[in-house]
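I have placed the structure first, in the form of structure tokens, so that the comments after it can refer back to it.
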Amino acid sequence: MLDRRTTLKLGATSILASLVNLPGQSLANSSSKSANTHLLHSHVLFDSQYLESQSFAAAVKAKGTPITDINGNLSNLWYQQLRHQLLSDRKPLLGMTSRLDLFCLEELARDVGMKVHLRFDHLIHQNGRVEHQMNGSSFVELGSKAGFGKKMAELADLSLSHQTAEITVQKLTGPFTPSDKTALVTWVIS
Amino acid sequence: MALPPNLSQAEFNRALNEFENVVGADWVFSSDADVALYRDSYSPFWGEAEERIASAAVAPDSVEEVQEIVRIANRYRIPLYPISTGRNLTYGGAAPTLSGSVVLDLKRMNRILEVNDERNYALVEPGVSYFDLYNYITERGLNVMLDIPDPGWGSPMGNSLDHGVGYTMGPYRDHFGSHIGLEIVSAEGELIRTGAGAIPGSDAWQDFHYGAGPSIDGLFAQSNFGIVTKMGVKLMPMPETYMTVTVTVPRYQDFQAMITEVNYLEDSMLVGMPTYGSPVGGGLFDPAPLTELMQNGWPTTEQLEDFVSAQNKHAWSVSFQLYGPEEIVRATWVAIQRRFSEKIPGSAFEEDVFYNLPIPAEDIPALPDKARLGIPNLEIFHIVNRNPMNDNDPPDGHADMFTMTPRTAEGVHTASKVLAEAYQEFGFAPATHPFTTPITFYSRAFVVAVLIPTWRDPAKNAVSRALYEKCLDKIAEQGMGTYRTNPAFQEHAISKYSFNDNALLKYQEKLKDSIDPNGIISPGRYGIWPAHMRNNRG
């Protein structure tokens with residue numbers, strides 16, 4: 001799936017297009033039952049302050065996977081729960097969060113020997129336009145597409161079974177975002 | 001992947017094997033993806049040849065493992081770069097000063113060895129974070145309070161050894177100044193303890209700082225003379241109450257009188273961190289709309305007084321943090337009001353918040369300004385994230401520059417003026433102005449802050465670097481310097497400490513040559529290079 005070869009073969013645009021093309025579920029349909037089990041064996045984070053992240057979480061939860069809400073308090077979640085869990089079970093960490101929270105998680109994950117393997121950046125303009133970017137490639141605007149959170153949850157199965165070790169996907173941005181946009185990120189840390 | 005200087009890949013592979021024999025293969029990181037985790041997220045050289053990149057990282061679990069790693073490094077002459085949590089963003093983070101260094105990641109040495117709430121200290125290993133120590137204290141109901149940096153995800157040891165600072169009472173805000181006792185692995189692998197800890201069997205290691213003879217503790221902060229493996233930390237007894245109060249003074253020219261009074265209060269240890277501000281001038285993340293006022297250069301005092309009058313607000317403010325029993329805190333506030341009223345006519349006073357301590361757990365999440373109560377958090381990222389300076393083109397990080405100024409109004413204004421000139425020379429709106437106020441991270445000291453953006457874009461970084469260096473040059477012309485800086489600027493910053501033909505650096509180099517003859521610990525940190533790298537400067 002989203003290893004480098006597959007990415008090049010499919011093209012980032014087509015992968016991103018699946019974010020908005022409901023019938024275009026070639027990627028989602030190619031997921032197998034085994035891919036679904038990957039999701040069940042991971043920690044999934046979302047942030048209830050963001051609608052798309054809520055949609056993402058709802059879709060993940062509908063598959064029977066437990067979800068955890070950061071809700072603006074990442075530090076407590078990390079130091080009192082996640083860090084210990086990851087050290088003991090080594091499960092991948094998947095989420096849709098703010099860019100700031102991913103920045104912090106990426107720094108913190110080094111403590112447990114984990115790193116970002118995949119990231120989709122979603123820039124939501126105030127007028128509803130959404131731009132998406134996969135692993136630092138060019139931003140692709142795919143119209144005003146509310147509901148990409150749900151679609152990202154569908155792609156999440158695949159992302160956990162195939163991850164890139166490219167260093168170019170790491171530390172793509174700092175923590176800051178323009179004040180006139182919302183920057184969300186869907187990511188895998190493992 | 002970068003290699004250590006003057007080492008072939010084959011030699012380095014042998015060294016890595018030896019490291020693995022000490023710490024286990026799981027704790028030696030040499031793949032490109034693993035080493036990339038140690039990049040400086042705020043690097044002013046991101047993606048460029050000059051970006052400082054490690055060759056590998058090694059994570060020992062004990063002092064004995066550190067000693068053995070040091071011995072191996074000496075055999076191969078591999079530079080090591082010790083980090084604790086490696087999250088000292090704006091000052092280099094986990095990235096080494098010299099590319100090709102092996103990061104000595106001390107995160108696994110994360111034991112809290114003792115917290116004593118009768119003698120009020122903690123003894124910690126390098127990998128203990130402020131969050132870890134806070135949780136330890138809270139879970140056990142110990143009657144002490146931390147002084148923390150903001151954000152709080154670093155470590156007491158790492159922050160102290162980089163001259164980091166906090167937000168409470170004077171003796172605790174200077175984190176290195178409030179350490180008490182060190183254990184160090186020398187560059188040759190010897191184990192040393194300082195102060196009373198050098199007496200075998202001493203139980204006073206975290207009580208008595210100096211001991212007899214010269215104290216060498218200062219050699220290990222912002223330096224490369226050894227690897228600290230234990231550190232004592234003085235802790236403030238949990239105060240009974242906490243109150244913040246604010247005083248404002250009306251006129252632009254009242255600033256010096258205000259400073260004199262604040263100096264009296266803080267040097268008498270009657271108040272915690274004073275926070276200066278300006279009701280008309282905005283703050284660090286909210287610069288005042290002074291463009292029109294400054295369009296013809298630095299305004300005159302008369303113009304500034306007119307500006308203040310037109311705003312119908314007071315010119316300056318200072319907030320105090322008061323800690324202690326309620327009767328003392330309230331009596332201190334009464335005394336503050338009396339003194340200001342006597343010395344600066346027109347002073348106004350406001351009581352802000354009052355808390356009984358400790359704060360109940362259920363009230364903490366909603367608490368603003370947690371740092372002043374020693375509660376680690378990451379909320380400062382939200383503040384910096386949304387400041388007006390970032391609106392249109394948010395940077396990927398920032399390189400902070402704190403100018404040390406005299407504790408006078410003139411000192412603050414001089415620094416603000418020359419920094420504004422530097423920004424204007426580059427065509428930027430000035431980050432400082434006539435109402436810029438100092439920050440009192442250290443008691444008895446002022447710094448004036450500018451946060452220069454860093455990027456993933458080399459062209460933008462080139463401009464930021466040039467601006468930073470221009471700022472260093474301009475403050476040096478005024479006899480001022482910075483106390484802490486990113487490795488990208490350390491040589492430049494240290495070059496300004498040039499009294500008597502750079503006598504200070506020469507002395508440090510003599511020490512380096514003696515203490516670390518193979519030059520394996522953090523070569524180049526704060527301008528101190530081992531002899532064999534000195535002429536080429538790495």
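Residue numbering restarts at 1 in every chain; chains get A, B, ... in the order shown in the structure tokens, and ligands count up from 1 in that same order.
Excluding A:Arg119 itself and any same-chain residue fewer than 2 positions from it, the protein and nucleic acid residues within 9 Å of it, counting only C-alpha atoms, are Val116, His117, Asp121, Gln133, Met134, Asn135, Gly136, Val169, Gln170, Val185, Thr186, Trp187 and Val188 of chain A.
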Using the selection just defined, write its residues with C-alpha atoms as a PDB file, in the first residue's frame.
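What ended up in part_0.pdb:
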ATOM      1  CA  VAL A 116       6.536   8.961  12.358  1.00  0.00           C
ATOM      2  CA  HIS A 117       6.194   6.672   9.369  1.00  0.00           C
ATOM      3  CA  ASP A 121      -1.459  17.030   6.303  1.00  0.00           C
ATOM      4  CA  GLN A 133      -0.538  16.651   1.498  1.00  0.00           C
ATOM      5  CA  MET A 134       0.915  13.195   1.823  1.00  0.00           C
ATOM      6  CA  ASN A 135       4.364  12.691   3.296  1.00  0.00           C
ATOM      7  CA  GLY A 136       5.532  16.154   2.360  1.00  0.00           C
ATOM      8  CA  VAL A 169       8.453  12.095   6.420  1.00  0.00           C
ATOM      9  CA  GLN A 170       9.889  13.015   9.791  1.00  0.00           C
ATOM     10  CA  VAL A 185      -2.567  15.773  10.497  1.00  0.00           C
ATOM     11  CA  THR A 186      -3.318  12.095  10.137  1.00  0.00           C
ATOM     12  CA  TRP A 187      -0.289  10.115  11.085  1.00  0.00           C
ATOM     13  CA  VAL A 188       1.229   6.829  12.101  1.00  0.00           C
TER      14      VAL A 188
END
Query raised in the report: Can you list, as number ranges by chain, every protein, DNA or RNA residue that comes within 8 Å of B:Leu98 when you count only C-alpha atoms, leaving out same-chain residues fewer than 3 positions away?
Result: B: 52-54, 101, 522-524, 538
Query - Interface, chain A side, toward chain B (12 Å; only C-alpha atoms) as a PyMOL selection string - result: chain A and resi 71-80+83+87+98-101+103-117+136+164-183+190
Export of the given selection (C-alpha atoms) as a JSON list (two decimals), in the first residue's frame:
[["chain", "number", "residue", "atom", "x", "y", "z"],
["A", 71, "ASN", "CA", -8.73, 17.17, 24.11],
["A", 72, "GLY", "CA", -5.93, 19.68, 24.51],
["A", 73, "ASN", "CA", -4.12, 17.81, 27.25],
["A", 74, "LEU", "CA", -1.50, 15.77, 25.47],
["A", 75, "SER", "CA", 1.09, 16.06, 28.20],
["A", 76, "ASN", "CA", -1.03, 14.33, 30.83],
["A", 77, "LEU", "CA", -2.07, 11.65, 28.35],
["A", 78, "TRP", "CA", 1.52, 10.97, 27.38],
["A", 79, "TYR", "CA", 3.19, 10.97, 30.76],
["A", 80, "GLN", "CA", 0.43, 9.23, 32.68],
["A", 83, "ARG", "CA", 4.37, 6.34, 27.37],
["A", 87, "LEU", "CA", 6.96, 0.85, 26.21],
["A", 98, "SER", "CA", -3.54, 19.16, 15.34],
["A", 99, "ARG", "CA", -0.15, 19.80, 13.82],
["A", 100, "LEU", "CA", 0.99, 21.00, 17.21],
["A", 101, "ASP", "CA", 0.07, 17.76, 18.93],
["A", 103, "PHE", "CA", 4.92, 17.87, 16.65],
["A", 104, "CYS", "CA", 4.93, 17.17, 20.37],
["A", 105, "LEU", "CA", 4.21, 13.46, 19.92],
["A", 106, "GLU", "CA", 7.02, 13.14, 17.40],
["A", 107, "GLU", "CA", 9.46, 14.61, 19.91],
["A", 108, "LEU", "CA", 8.11, 12.51, 22.76],
["A", 109, "ALA", "CA", 8.02, 9.28, 20.74],
["A", 110, "ARG", "CA", 11.80, 9.22, 20.54],
["A", 111, "ASP", "CA", 11.77, 8.33, 24.23],
["A", 112, "VAL", "CA", 10.10, 5.03, 23.41],
["A", 113, "GLY", "CA", 12.04, 4.36, 20.22],
["A", 114, "MET", "CA", 9.20, 5.27, 17.88],
["A", 115, "LYS", "CA", 8.98, 7.59, 14.91],
["A", 116, "VAL", "CA", 6.54, 8.96, 12.36],
["A", 117, "HIS", "CA", 6.19, 6.67, 9.37],
["A", 136, "GLY", "CA", 5.53, 16.15, 2.36],
["A", 164, "THR", "CA", 7.68, 4.06, 5.01],
["A", 165, "ALA", "CA", 11.03, 4.41, 6.64],
["A", 166, "GLU", "CA", 11.77, 7.54, 4.66],
["A", 167, "ILE", "CA", 13.39, 10.13, 6.82],
["A", 168, "THR", "CA", 11.76, 12.79, 4.69],
["A", 169, "VAL", "CA", 8.45, 12.09, 6.42],
["A", 170, "GLN", "CA", 9.89, 13.01, 9.79],
["A", 171, "LYS", "CA", 9.75, 16.47, 11.32],
["A", 172, "LEU", "CA", 8.15, 17.91, 8.22],
["A", 173, "THR", "CA", 6.92, 20.96, 10.05],
["A", 174, "GLY", "CA", 7.28, 22.74, 13.32],
["A", 175, "PRO", "CA", 4.32, 23.19, 15.65],
["A", 176, "PHE", "CA", 2.94, 26.42, 14.24],
["A", 177, "THR", "CA", 0.04, 27.03, 11.86],
["A", 178, "PRO", "CA", -1.38, 30.10, 10.14],
["A", 179, "SER", "CA", -4.03, 31.78, 12.22],
["A", 180, "ASP", "CA", -6.47, 31.72, 9.30],
["A", 181, "LYS", "CA", -6.37, 27.95, 8.76],
["A", 182, "THR", "CA", -6.78, 24.79, 10.75],
["A", 183, "ALA", "CA", -3.94, 22.34, 10.31],
["A", 190, "SER", "CA", 5.49, 3.19, 15.34]]
**Report entry** Polymer residues at most 6 Å from A:Asp47, only C-alpha atoms, same-chain spacing of 6 or more positions, as a ChimeraX atom specification
**Finding:** /A:53,69-71,97
